[in-house]
$ cat structure-v4.cif   # mmCIF, C-alpha atoms, pLDDT in the B column; chains and numbers go by the auth columns
data_input
#
loop_
_atom_site.group_PDB
_atom_site.id
_atom_site.type_symbol
_atom_site.label_atom_id
_atom_site.label_comp_id
_atom_site.label_asym_id
_atom_site.label_seq_id
_atom_site.Cartn_x
_atom_site.Cartn_y
_atom_site.Cartn_z
_atom_site.B_iso_or_equiv
_atom_site.auth_seq_id
_atom_site.auth_asym_id
ATOM 1 C CA MET A 1 63.384 87.694 122.782 53.00 1 A
ATOM 2 C CA PRO A 2 63.273 88.887 119.136 55.00 2 A
ATOM 3 C CA GLU A 3 66.404 88.538 117.041 64.00 3 A
ATOM 4 C CA LEU A 4 68.211 91.804 116.395 71.00 4 A
ATOM 5 C CA PRO A 5 68.695 92.792 112.748 81.00 5 A
ATOM 6 C CA ALA A 6 72.091 92.080 111.231 88.00 6 A
ATOM 7 C CA PRO A 7 74.253 95.036 110.244 94.00 7 A
ATOM 8 C CA ARG A 8 74.213 96.063 106.592 96.00 8 A
ATOM 9 C CA ILE A 9 77.733 96.338 105.142 98.00 9 A
ATOM 10 C CA ARG A 10 78.440 98.648 102.220 98.00 10 A
ATOM 11 C CA ALA A 11 81.303 100.503 100.596 97.00 11 A
ATOM 12 C CA ALA A 12 82.005 103.892 102.135 98.00 12 A
ATOM 13 C CA ARG A 13 81.106 107.008 100.186 98.00 13 A
ATOM 14 C CA PRO A 14 82.886 110.390 100.234 97.00 14 A
ATOM 15 C CA GLU A 15 79.857 111.932 101.945 97.00 15 A
ATOM 16 C CA ASP A 16 80.396 109.570 104.914 97.00 16 A
ATOM 17 C CA ASP A 17 83.560 111.493 105.839 97.00 17 A
ATOM 18 C CA GLY A 18 82.113 113.699 108.580 96.00 18 A
ATOM 19 C CA GLU A 19 80.120 110.951 110.286 96.00 19 A
ATOM 20 C CA LEU A 20 83.068 108.525 110.137 97.00 20 A
ATOM 21 C CA ALA A 21 85.459 111.167 111.498 96.00 21 A
ATOM 22 C CA LEU A 22 83.091 111.701 114.430 96.00 22 A
ATOM 23 C CA LEU A 23 82.780 107.939 115.002 97.00 23 A
ATOM 24 C CA ASP A 24 86.566 107.665 114.962 94.00 24 A
ATOM 25 C CA ARG A 25 86.894 110.364 117.636 95.00 25 A
ATOM 26 C CA LEU A 26 84.110 108.890 119.790 95.00 26 A
ATOM 27 C CA THR A 27 85.649 105.408 119.720 96.00 27 A
ATOM 28 C CA TRP A 28 89.235 106.532 120.397 94.00 28 A
ATOM 29 C CA SER A 29 90.693 104.530 123.287 92.00 29 A
ATOM 30 C CA PRO A 30 94.152 103.638 124.599 87.00 30 A
ATOM 31 C CA LEU A 31 92.958 100.020 124.339 88.00 31 A
ATOM 32 C CA HIS A 32 93.543 100.141 120.578 91.00 32 A
ATOM 33 C CA ALA A 33 95.056 103.510 119.635 93.00 33 A
ATOM 34 C CA VAL A 34 98.780 104.208 119.437 94.00 34 A
ATOM 35 C CA MET A 35 98.277 107.816 118.375 92.00 35 A
ATOM 36 C CA PRO A 36 97.327 110.530 120.883 91.00 36 A
ATOM 37 C CA GLU A 37 93.644 111.335 121.322 92.00 37 A
ATOM 38 C CA PRO A 38 92.502 113.564 118.428 92.00 38 A
ATOM 39 C CA GLN A 39 92.283 117.267 119.154 92.00 39 A
ATOM 40 C CA PRO A 40 90.768 120.101 117.110 93.00 40 A
ATOM 41 C CA PRO A 41 91.144 121.057 114.387 93.00 41 A
ATOM 42 C CA TYR A 42 90.196 117.532 113.343 93.00 42 A
ATOM 43 C CA ALA A 43 91.564 116.018 110.167 92.00 43 A
ATOM 44 C CA PRO A 44 89.187 114.577 107.583 95.00 44 A
ATOM 45 C CA PHE A 45 88.518 110.852 107.899 96.00 45 A
ATOM 46 C CA PHE A 46 89.485 110.042 104.325 97.00 46 A
ATOM 47 C CA SER A 47 92.988 110.766 103.091 93.00 47 A
ATOM 48 C CA GLU A 48 95.336 109.796 100.299 89.00 48 A
ATOM 49 C CA ARG A 49 96.276 106.735 102.374 86.00 49 A
ATOM 50 C CA HIS A 50 92.693 105.718 103.231 90.00 50 A
ATOM 51 C CA THR A 51 90.163 106.527 100.524 95.00 51 A
ATOM 52 C CA PRO A 52 86.446 105.674 100.514 97.00 52 A
ATOM 53 C CA GLU A 53 87.282 102.768 98.179 96.00 53 A
ATOM 54 C CA ASP A 54 89.424 101.255 100.967 96.00 54 A
ATOM 55 C CA CYS A 55 86.691 101.452 103.600 98.00 55 A
ATOM 56 C CA LEU A 56 83.621 99.366 104.358 98.00 56 A
ATOM 57 C CA VAL A 57 80.956 100.676 106.715 98.00 57 A
ATOM 58 C CA ALA A 58 78.309 98.943 108.786 98.00 58 A
ATOM 59 C CA GLU A 59 74.837 100.388 109.099 97.00 59 A
ATOM 60 C CA LEU A 60 72.506 99.396 111.895 93.00 60 A
ATOM 61 C CA ASP A 61 69.014 100.816 112.270 87.00 61 A
ATOM 62 C CA GLY A 62 69.780 103.176 109.356 88.00 62 A
ATOM 63 C CA ARG A 63 72.851 104.719 111.039 93.00 63 A
ATOM 64 C CA LEU A 64 76.591 104.221 110.641 96.00 64 A
ATOM 65 C CA ALA A 65 77.634 101.773 113.332 97.00 65 A
ATOM 66 C CA GLY A 66 81.230 101.010 112.393 98.00 66 A
ATOM 67 C CA TYR A 67 83.909 100.807 109.759 98.00 67 A
ATOM 68 C CA VAL A 68 86.903 98.784 108.640 98.00 68 A
ATOM 69 C CA HIS A 69 89.837 100.100 106.572 97.00 69 A
ATOM 70 C CA LEU A 70 91.431 97.633 104.175 97.00 70 A
ATOM 71 C CA GLY A 71 94.784 98.607 102.703 96.00 71 A
ATOM 72 C CA PHE A 72 98.166 97.336 101.622 96.00 72 A
ATOM 73 C CA PRO A 73 100.734 96.618 104.343 96.00 73 A
ATOM 74 C CA THR A 74 103.526 98.154 102.218 95.00 74 A
ATOM 75 C CA PRO A 75 103.793 100.102 98.943 94.00 75 A
ATOM 76 C CA LEU A 76 105.905 97.300 97.382 97.00 76 A
ATOM 77 C CA ASP A 77 104.673 95.494 94.261 96.00 77 A
ATOM 78 C CA SER A 78 106.081 92.256 95.676 97.00 78 A
ATOM 79 C CA ASN A 79 103.586 92.604 98.570 96.00 79 A
ATOM 80 C CA ARG A 80 100.441 93.324 96.506 96.00 80 A
ATOM 81 C CA HIS A 81 98.966 89.878 97.199 98.00 81 A
ATOM 82 C CA VAL A 82 98.436 90.830 100.859 98.00 82 A
ATOM 83 C CA ARG A 83 95.758 93.138 102.258 98.00 83 A
ATOM 84 C CA GLN A 84 95.776 94.501 105.779 98.00 84 A
ATOM 85 C CA ILE A 85 93.041 95.614 108.138 98.00 85 A
ATOM 86 C CA GLN A 86 94.296 99.080 109.052 97.00 86 A
ATOM 87 C CA GLY A 87 91.484 100.252 111.282 95.00 87 A
ATOM 88 C CA LEU A 88 88.282 98.878 112.769 97.00 88 A
ATOM 89 C CA ALA A 89 85.801 100.758 114.954 97.00 89 A
ATOM 90 C CA VAL A 90 82.322 100.025 116.269 97.00 90 A
ATOM 91 C CA ALA A 91 80.068 102.661 117.819 96.00 91 A
ATOM 92 C CA GLU A 92 79.488 102.205 121.544 94.00 92 A
ATOM 93 C CA GLY A 93 75.744 101.672 121.144 92.00 93 A
ATOM 94 C CA ALA A 94 76.273 99.015 118.467 94.00 94 A
ATOM 95 C CA ARG A 95 78.700 96.819 120.413 92.00 95 A
ATOM 96 C CA GLY A 96 77.568 93.286 121.103 91.00 96 A
ATOM 97 C CA ARG A 97 75.335 93.236 118.023 93.00 97 A
ATOM 98 C CA GLY A 98 77.720 91.499 115.603 95.00 98 A
ATOM 99 C CA VAL A 99 78.965 94.658 113.894 97.00 99 A
ATOM 100 C CA GLY A 100 82.684 93.972 114.442 97.00 100 A
ATOM 101 C CA ARG A 101 82.344 90.358 113.286 97.00 101 A
ATOM 102 C CA ALA A 102 80.372 91.425 110.195 98.00 102 A
ATOM 103 C CA LEU A 103 83.033 94.023 109.333 98.00 103 A
ATOM 104 C CA VAL A 104 85.906 91.528 109.734 98.00 104 A
ATOM 105 C CA ARG A 105 84.092 88.997 107.555 98.00 105 A
ATOM 106 C CA ALA A 106 83.348 91.660 104.943 98.00 106 A
ATOM 107 C CA ALA A 107 87.022 92.720 104.938 98.00 107 A
ATOM 108 C CA VAL A 108 88.087 89.097 104.390 98.00 108 A
ATOM 109 C CA GLU A 109 85.627 88.728 101.508 98.00 109 A
ATOM 110 C CA GLU A 110 86.660 92.063 99.969 98.00 110 A
ATOM 111 C CA ALA A 111 90.346 91.133 100.178 98.00 111 A
ATOM 112 C CA ARG A 112 89.543 87.825 98.500 98.00 112 A
ATOM 113 C CA ARG A 113 87.466 89.629 95.818 97.00 113 A
ATOM 114 C CA ARG A 114 90.425 91.926 95.123 97.00 114 A
ATOM 115 C CA GLY A 115 92.681 88.925 94.525 97.00 115 A
ATOM 116 C CA ALA A 116 94.573 88.816 97.800 98.00 116 A
ATOM 117 C CA ARG A 117 96.101 85.551 99.008 98.00 117 A
ATOM 118 C CA ARG A 118 96.461 86.707 102.622 98.00 118 A
ATOM 119 C CA ILE A 119 95.017 89.247 105.011 98.00 119 A
ATOM 120 C CA THR A 120 96.890 90.576 108.029 98.00 120 A
ATOM 121 C CA LEU A 121 96.431 93.023 110.880 98.00 121 A
ATOM 122 C CA ARG A 122 98.173 94.459 113.917 98.00 122 A
ATOM 123 C CA VAL A 123 96.499 94.578 117.302 98.00 123 A
ATOM 124 C CA LEU A 124 97.715 95.721 120.689 97.00 124 A
ATOM 125 C CA GLY A 125 98.491 92.879 123.057 97.00 125 A
ATOM 126 C CA HIS A 126 96.181 94.198 125.787 96.00 126 A
ATOM 127 C CA ASN A 127 93.170 94.437 123.439 96.00 127 A
ATOM 128 C CA THR A 128 91.696 91.111 124.525 96.00 128 A
ATOM 129 C CA PRO A 129 88.235 91.592 122.930 94.00 129 A
ATOM 130 C CA ALA A 130 89.696 92.367 119.495 96.00 130 A
ATOM 131 C CA ARG A 131 92.192 89.509 119.696 97.00 131 A
ATOM 132 C CA ALA A 132 89.376 87.094 120.573 97.00 132 A
ATOM 133 C CA LEU A 133 87.277 88.327 117.647 97.00 133 A
ATOM 134 C CA TYR A 134 90.158 87.943 115.185 98.00 134 A
ATOM 135 C CA ALA A 135 91.019 84.475 116.508 98.00 135 A
ATOM 136 C CA ALA A 136 87.364 83.434 116.138 98.00 136 A
ATOM 137 C CA GLU A 137 87.578 84.570 112.502 98.00 137 A
ATOM 138 C CA GLU A 138 90.592 82.303 111.850 98.00 138 A
ATOM 139 C CA PHE A 139 93.370 84.863 112.262 98.00 139 A
ATOM 140 C CA VAL A 140 96.440 83.445 113.988 98.00 140 A
ATOM 141 C CA VAL A 141 99.279 85.192 115.799 98.00 141 A
ATOM 142 C CA GLU A 142 102.234 85.350 113.409 98.00 142 A
ATOM 143 C CA GLY A 143 104.539 87.478 115.512 98.00 143 A
ATOM 144 C CA ILE A 144 104.818 89.711 118.541 98.00 144 A
ATOM 145 C CA LEU A 145 106.933 92.824 119.038 98.00 145 A
ATOM 146 C CA PRO A 146 107.288 92.898 122.839 98.00 146 A
ATOM 147 C CA GLU A 147 106.749 96.272 124.526 98.00 147 A
ATOM 148 C CA GLU A 148 106.640 98.022 121.141 97.00 148 A
ATOM 149 C CA PHE A 149 104.527 100.923 122.411 97.00 149 A
ATOM 150 C CA LEU A 150 104.526 102.982 125.602 96.00 150 A
ATOM 151 C CA LEU A 151 100.889 103.914 126.170 93.00 151 A
ATOM 152 C CA ASP A 152 99.662 105.701 129.260 90.00 152 A
ATOM 153 C CA GLY A 153 102.839 104.720 131.133 93.00 153 A
ATOM 154 C CA THR A 154 102.556 101.014 130.245 95.00 154 A
ATOM 155 C CA TYR A 155 104.586 99.060 127.703 97.00 155 A
ATOM 156 C CA VAL A 156 102.311 97.208 125.292 97.00 156 A
ATOM 157 C CA ASP A 157 103.059 94.440 122.783 98.00 157 A
ATOM 158 C CA ASP A 158 102.260 94.838 119.070 98.00 158 A
ATOM 159 C CA VAL A 159 100.715 91.568 117.870 98.00 159 A
ATOM 160 C CA PHE A 160 100.756 90.606 114.181 98.00 160 A
ATOM 161 C CA MET A 161 97.909 88.327 113.071 98.00 161 A
ATOM 162 C CA GLY A 162 97.038 86.930 109.669 98.00 162 A
ATOM 163 C CA ARG A 163 95.227 84.283 107.716 98.00 163 A
ATOM 164 C CA PHE A 164 95.319 82.782 104.254 98.00 164 A
ATOM 165 C CA LEU A 165 92.385 83.361 101.973 97.00 165 A
#

$ encode --input "structure-v4.cif" --output "structure tokens"
Amino acid sequence: MPELPAPRIRAARPEDDGELALLDRLTWSPLHAVMPEPQPPYAPFFSERHTPEDCLVAELDGRLAGYVHLGFPTPLDSNRHVRQIQGLAVAEGARGRGVGRALVRAAVEEARRRGARRITLRVLGHNTPARALYAAEEFVVEGILPEEFLLDGTYVDDVFMGRFL
């Protein structure tokens, strides 16, 4: 069986907004989302909080296949040495092709390039595939907020994970 091509990771561009907004809506799931399912009119993908400079995208077969947002966990200067993965999505048709892993690795490298000492993230306790991916990429559980969210009638833990760079 021939080896599938690896995803190409690049910085997001403002003109990616529409395609990324659509990807975000198509990948919405209670497995990872704490906000209600998006409804029209849809907000732009990029905002003051998440600019193109804070986003890496994966391309596969010449199409956007996923993204990762990398931001600061707080606005405090005393916390500027930490970056946080604040969103990760992979298109349905690109799953199982290494896109998520490539995006996590690119986020780690970008955080390191920007001078961070640590990178953190939050993941829902029931999101077993994401937790396994993060653990495989050397993230460790640093804390759990039990039953932090009520999603679809079920209480779900908020799991904090991180790693040193």

$ closest_residue --input "structure-v4.cif" --among "A:Arg105, A:Arg117, A:Arg25, A:Arg112" --to "Val82 in chain A" --atoms "all atoms listed in the file"
A:Arg117

$ axis_aligned_box --input "structure-v4.cif" --around "range 18-31 of chain A" --padding-each-side "8 Å" --output "JSON"
{"center_x": 87.1, "center_y": 106.9, "center_z": 116.6, "size_x": 30.0, "size_y": 29.7, "size_z": 32.0}

$ resolve_selection --input "structure-v4.cif" --expression "the PyMOL selection byres ((chain A and resi 81) around 9)" --output "list in words"
Phe72, Asp77, Ser78, Asn79, Arg80, Val82, Arg83, Gly115, Ala116, Arg117, Arg118 and Ile119 of chain A

$ write_last_selection --input "structure-v4.cif" --atoms "C-alpha atoms" --output "PDB file, in the coordinates of the input"
ATOM      1  CA  PHE A  72      98.166  97.336 101.622  1.00 96.00           C
ATOM      2  CA  ASP A  77     104.673  95.494  94.261  1.00 96.00           C
ATOM      3  CA  SER A  78     106.081  92.256  95.676  1.00 97.00           C
ATOM      4  CA  ASN A  79     103.586  92.604  98.570  1.00 96.00           C
ATOM      5  CA  ARG A  80     100.441  93.324  96.506  1.00 96.00           C
ATOM      6  CA  VAL A  82      98.436  90.830 100.859  1.00 98.00           C
ATOM      7  CA  ARG A  83      95.758  93.138 102.258  1.00 98.00           C
ATOM      8  CA  GLY A 115      92.681  88.925  94.525  1.00 97.00           C
ATOM      9  CA  ALA A 116      94.573  88.816  97.800  1.00 98.00           C
ATOM     10  CA  ARG A 117      96.101  85.551  99.008  1.00 98.00           C
ATOM     11  CA  ARG A 118      96.461  86.707 102.622  1.00 98.00           C
ATOM     12  CA  ILE A 119      95.017  89.247 105.011  1.00 98.00           C
TER      13      ILE A 119
END

$ resolve_selection --input "structure-v4.cif" --expression "the PyMOL selection byres ((chain A and resi 11-16) around 7)" --output "count of residues only"
10

$ resolve_selection --input "structure-v4.cif" --expression "the PyMOL selection byres ((chain A and resi 124) around 10)" --output "ChimeraX atom specification"
/A:30-34,122-123,125-128,130-131,144-145,147-149,156-160
